[in-house]
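Take a look at the structure set out below.
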Amino acid sequence: MPPDDHQAAPRPSRAEPALTRLDRPELAPLWRALRDRFEQGRPVSTVRVGPLNDAEQAVLADLLGWRRLPGEFARVRVSALDELFGQVAGLDARAAVEAVTGPLADRAAERLAARRARDELWSWLAEHPVVRAEPALEEWVAKVSRSGVVDGSVARTRELLVRALAVLEALPADGVPLPALAQAACGQEHALDDGTRLSNLVLRALAALHDEPEPADAEERRALWERSGVACDALSTTVLVAGLRLNGRGPLAETLRVWAAAGQACPVTLAQLQHSGGLHTGARTVWVVENPSVLAMALARFGAACPPLVCTSGWPSGAAILLLRRLRDSGAELRYHGDFDGDGIRIAAYVCAKTDARPWRMGRSDYLDAVRPEGRGPGRITDAPWAPSLAPALREHAVAVPEEQIAADLLADLATAAEEAPEDRSAGG
């Protein structure tokens with residue numbers, strides 16, 4: 001009566017008659033109990049056999065020479081079985097189990113291999129380039145690893161995570177519908193449908209990025225997708241710019257030149273960017289700030305001579321990321337500065353990861369030069385990939401430095417840039 005998932009081991013010829021007598025249905029509980037204990041990979045001295053019906057009790061008592069029936073459950077010493085099976089079949093208990101029921105599995109080795117596979121999976125996830133680029137995702141990685149593998153399968157879990165990371169890498173989107181994003185990132189247009197395991201996994205990652213609670217209902221999930229540029233309103237999704245002059249004669253290029261010449265800021269919609277193709281500027285460097293107040297200071301100082309500035313207004317919209325990517329692709333170098341606090345570091349990591357921008361005055365020394373003994377707390381701090389010593393300094397001082405507090409240094413850099421590249425203001429048709 002070997003189990004379905006095991007092949008019966010070849011039986012030694014001298015043990016054949018004895019094993020035939022031992023391979024009885026009434027002894028199945030004994031073989032199951034022995035098999036289960038031996039496969040655990042630990043020393044076994046006794047086994048608990050049962051539950052036993054009347055016939056099974058009688059046959060077991062007869063086998064072991066007991067004068068009384070054992071009852072529903074019986075404890076059997078393995079040493080007694082070694083002696084018995086040795087006498088009748090020349091085998092110890094372990095060998096007898098394999099002869100009757102098939103080869104024993106090494107469950108301890110299987111558990112070790114499974115644990116190593118899980119550890120390798122979580123290490124791979126923690127070291128993935130998407131996670132390394134945005135340390136705010138480390139909290140998401142920790143939650144995913146605590147929840148364990150999907151349906152007990154490391155392979156299925158890795159497949160799911162590969163798809164989630166592909167989606168995260170593709171975000172923020174430029175206003176595409178969710179099915180289009182799913183098709184592009186996963187090859188299946190319904191992969192990110194509301195309620196799917198993949199959709200929930202990605203949304204939890206986005207919540208960690210933004211340091212927000214996980215969305216609790218359909219409306220909150222929809223809002224988080226829109227914040228990442230998915231199916232967002234292409235007219236109300238905007239980015240604020242100043243001093244940005246584009247080559248060409250399209251409506252966006254001409255509009256930006258007019259406002260730059262007037263020394264005024266200009267909001268650019270996602271729809272305008274979507275219909276403008278490549279964006280080429282004569283500027284070698286485009287400067288990016290987090291707060292509109294810094295952009296306003298730059299305009300007040302430089303007016304029509306303002307170097308090209310883009311403002312993310314906090315977390316960048318899909319329009320902001322699309323604009324920065326287009327400018328990068330045209331050959332412009334992007335330099336980013338933001339607040340020295342938890343959100344500021346997360347936003348900086350996000351912008352740099354998504355647009356290849358370089359940090360601008362965002363190092364440890366810049367923070368220490370500006371920090372004051374008193375101020376608001378920095379909130380939850382995650383690591384800064386470009387400056388490993390920055391986050392520890394923020395944690396030590398526990399004081400945020402808003403971008404406006406070092407605006408004088410930023411404006412000095414912009415003044416130097418304006419003096420070195422006056423030809424940038426000549427971009428035109």
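We label chains A, B, ... in the order they appear in the structure tokens, count residues from 1 in each chain, and number ligands from 1 in the order shown.
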
Sel. of strand (DSSP E or B) residues, segment 122-308 of chain A, as an NGL selection string: :A and (150 or 153 or 238-242 or 246 or 266-269 or 281 or 285-289)

Thr269 of chain A environment, 10 Å, only C-alpha atoms, sequence neighbours closer than 3 positions dropped, as a VMD selection string: chain A and resid 233 to 240 252 266 272 to 274 318 to 320 323

Set out as a Markdown table a contact list for segment 229-328 of chain A and segment 392-404 of chain A with a cut-off of 10 Å, giving each residue of segment 229-328 of chain A that qualifies its closest atom pair and distance in Å to one decimal, counting only C-alpha atoms, ordered by chain and rising residue number.
```
| residue | atom | partner | partner_atom | distance |
| --- | --- | --- | --- | --- |
| A:Val289 | CA | A:Glu403 | CA | 8.3 |
| A:Glu290 | CA | A:Glu403 | CA | 7.6 |
| A:Asn291 | CA | A:Glu403 | CA | 7.2 |
| A:Pro292 | CA | A:Glu404 | CA | 9.7 |
| A:Ser293 | CA | A:Glu404 | CA | 7.2 |
| A:Val294 | CA | A:Glu404 | CA | 6.1 |
| A:Leu295 | CA | A:Glu404 | CA | 9.9 |
| A:Met297 | CA | A:Glu404 | CA | 9.1 |
```

Distance of atom CA of Gly250 of chain A from atom CA of Gly314 of chain A, expressed in Å to one decimal place: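 Separation between atom CA of Gly314 of chain A and atom CA of Gly250 of chain A: 28.8 Å.
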
Among the residues A:Glu39, A:Glu98, A:Glu374, A:Glu56, the one that comes closest to Arg24 of chain A [using only C-alpha atoms]: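 Smallest distance to Arg24 of chain A is found for A:Glu56.
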
Contact residues around segment 193-200 of chain A with only C-alpha atoms at 12 Å, ignoring same-chain residues under 5 positions, as a PyMOL selection string: chain A and resi 140+144+150-151+156-168+177-183+185-186+188+205-207+214-222+224-225

One-decimal distance in Å that lies between atom CA of Thr312 of chain A and atom CA of Pro251 of chain A: 22.4 Å

Contacts of Ser145 of chain A at 9 Å (only C-alpha atoms; same-chain gap of 3+ positions) as a ChimeraX atom specification: /A:118,121-122,140-142,148-149

Nearby residues (only C-alpha atoms) at most 7 Å from Phe73 of chain A, same-chain spacing under 5 positions excluded, as a PyMOL selection string: chain A and resi 48-52

Residue subset to file, keeping C-alpha atoms, as a PDB file, in the first residue's frame:
```pdb
ATOM      1  CA  ARG A  48       2.090   7.571  18.335  1.00  0.00           C
ATOM      2  CA  VAL A  49      -0.105   5.388  16.125  1.00  0.00           C
ATOM      3  CA  GLY A  50      -3.787   6.062  15.586  1.00  0.00           C
ATOM      4  CA  PRO A  51      -6.620   6.519  15.560  1.00  0.00           C
ATOM      5  CA  LEU A  52      -7.087   2.736  15.348  1.00  0.00           C
TER       6      LEU A  52
END
```

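Between Ala408 of chain A and the candidates A:Arg146, A:Arg21, A:Arg67, A:Arg301, the tightest atom-to-atom separation, counting only C-alpha atoms, involves A:Arg301.
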
Distance of atom CA of Gly278 of chain A from atom CA of Gly303 of chain A, expressed in Å to one decimal place: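 Atom-to-atom, atom CA of Gly303 of chain A to atom CA of Gly278 of chain A, that is 26.4 Å.
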
Distance query segment 61-65 of chain A at most 9 Å, only C-alpha atoms, self and fewer than 2 positions along chain excluded, as an NGL selection string: :A and (22 or 56-59 or 67-70 or 76 or 80-81 or 84)

Keeping only N, CA and C atoms, write those residues as a PDB file, in the first residue's frame.
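To be explicit, this is the file written out as result23.pdb:
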```pdb
ATOM      1  N   LEU A  22       3.688  -8.069   6.372  1.00  0.00           N
ATOM      2  CA  LEU A  22       3.607  -6.784   7.060  1.00  0.00           C
ATOM      3  C   LEU A  22       2.837  -5.737   6.266  1.00  0.00           C
ATOM      4  N   GLU A  56      -7.606  -2.838  13.462  1.00  0.00           N
ATOM      5  CA  GLU A  56      -6.228  -2.337  13.455  1.00  0.00           C
ATOM      6  C   GLU A  56      -5.578  -2.533  14.815  1.00  0.00           C
ATOM      7  N   GLN A  57      -6.351  -2.358  15.891  1.00  0.00           N
ATOM      8  CA  GLN A  57      -5.799  -2.609  17.228  1.00  0.00           C
ATOM      9  C   GLN A  57      -5.393  -4.064  17.385  1.00  0.00           C
ATOM     10  N   ALA A  58      -6.229  -4.954  16.883  1.00  0.00           N
ATOM     11  CA  ALA A  58      -5.959  -6.392  17.036  1.00  0.00           C
ATOM     12  C   ALA A  58      -4.706  -6.795  16.275  1.00  0.00           C
ATOM     13  N   VAL A  59      -4.564  -6.318  15.033  1.00  0.00           N
ATOM     14  CA  VAL A  59      -3.407  -6.704  14.225  1.00  0.00           C
ATOM     15  C   VAL A  59      -2.130  -6.111  14.803  1.00  0.00           C
ATOM     16  N   ARG A  67      -0.562  -8.399  25.051  1.00  0.00           N
ATOM     17  CA  ARG A  67      -1.654  -9.216  25.565  1.00  0.00           C
ATOM     18  C   ARG A  67      -2.987  -8.464  25.527  1.00  0.00           C
ATOM     19  N   ARG A  68      -2.914  -7.150  25.521  1.00  0.00           N
ATOM     20  CA  ARG A  68      -4.136  -6.355  25.506  1.00  0.00           C
ATOM     21  C   ARG A  68      -4.174  -5.462  24.265  1.00  0.00           C
ATOM     22  N   LEU A  69      -5.382  -5.117  23.869  1.00  0.00           N
ATOM     23  CA  LEU A  69      -5.535  -4.170  22.768  1.00  0.00           C
ATOM     24  C   LEU A  69      -5.077  -2.794  23.246  1.00  0.00           C
ATOM     25  N   PRO A  70      -4.419  -2.010  22.383  1.00  0.00           N
ATOM     26  CA  PRO A  70      -3.836  -0.736  22.822  1.00  0.00           C
ATOM     27  C   PRO A  70      -4.850   0.386  23.008  1.00  0.00           C
ATOM     28  N   VAL A  76       4.412   3.266  20.350  1.00  0.00           N
ATOM     29  CA  VAL A  76       5.255   2.125  19.974  1.00  0.00           C
ATOM     30  C   VAL A  76       6.703   2.572  19.995  1.00  0.00           C
ATOM     31  N   ALA A  80      11.871  -1.391  19.647  1.00  0.00           N
ATOM     32  CA  ALA A  80      11.174  -2.677  19.598  1.00  0.00           C
ATOM     33  C   ALA A  80      10.888  -3.075  18.155  1.00  0.00           C
ATOM     34  N   LEU A  81      10.545  -2.093  17.322  1.00  0.00           N
ATOM     35  CA  LEU A  81      10.300  -2.393  15.911  1.00  0.00           C
ATOM     36  C   LEU A  81      11.593  -2.765  15.201  1.00  0.00           C
ATOM     37  N   LEU A  84      12.120  -6.353  16.087  1.00  0.00           N
ATOM     38  CA  LEU A  84      11.139  -7.223  15.467  1.00  0.00           C
ATOM     39  C   LEU A  84      11.406  -7.375  13.976  1.00  0.00           C
TER      40      LEU A  84
END
```

Would you tabulate, counting only C-alpha atoms, all residues of segment 223-290 of chain A that have an atom at most 7 Å from an atom of segment 327-349 of chain A, showing the closest pair of atoms and their distance in Å to one decimal, sorted by chain then ascending number, as a Markdown table?
```
| residue | atom | partner | partner_atom | distance |
| --- | --- | --- | --- | --- |
| A:Leu279 | CA | A:Leu327 | CA | 5.9 |
| A:His280 | CA | A:Ser330 | CA | 5.3 |
| A:Ala283 | CA | A:Ala332 | CA | 6.6 |
| A:Arg284 | CA | A:Ala332 | CA | 5.0 |
| A:Thr285 | CA | A:Glu333 | CA | 4.6 |
| A:Val286 | CA | A:Leu334 | CA | 5.0 |
| A:Trp287 | CA | A:Arg335 | CA | 5.0 |
| A:Val288 | CA | A:Tyr336 | CA | 4.6 |
| A:Val289 | CA | A:His337 | CA | 5.0 |
| A:Glu290 | CA | A:Gly338 | CA | 4.8 |
```

Pick from A:Ala105, A:Leu30, A:Leu19, A:Ala114, whichever lies nearest to Val88 of chain A using only C-alpha atoms: A:Leu19

Selection near Ser389 of chain A, 12 Å with only C-alpha atoms, sequence-local residues under 2 positions removed, as number ranges by chain: A: 362-368, 382-387, 391-396
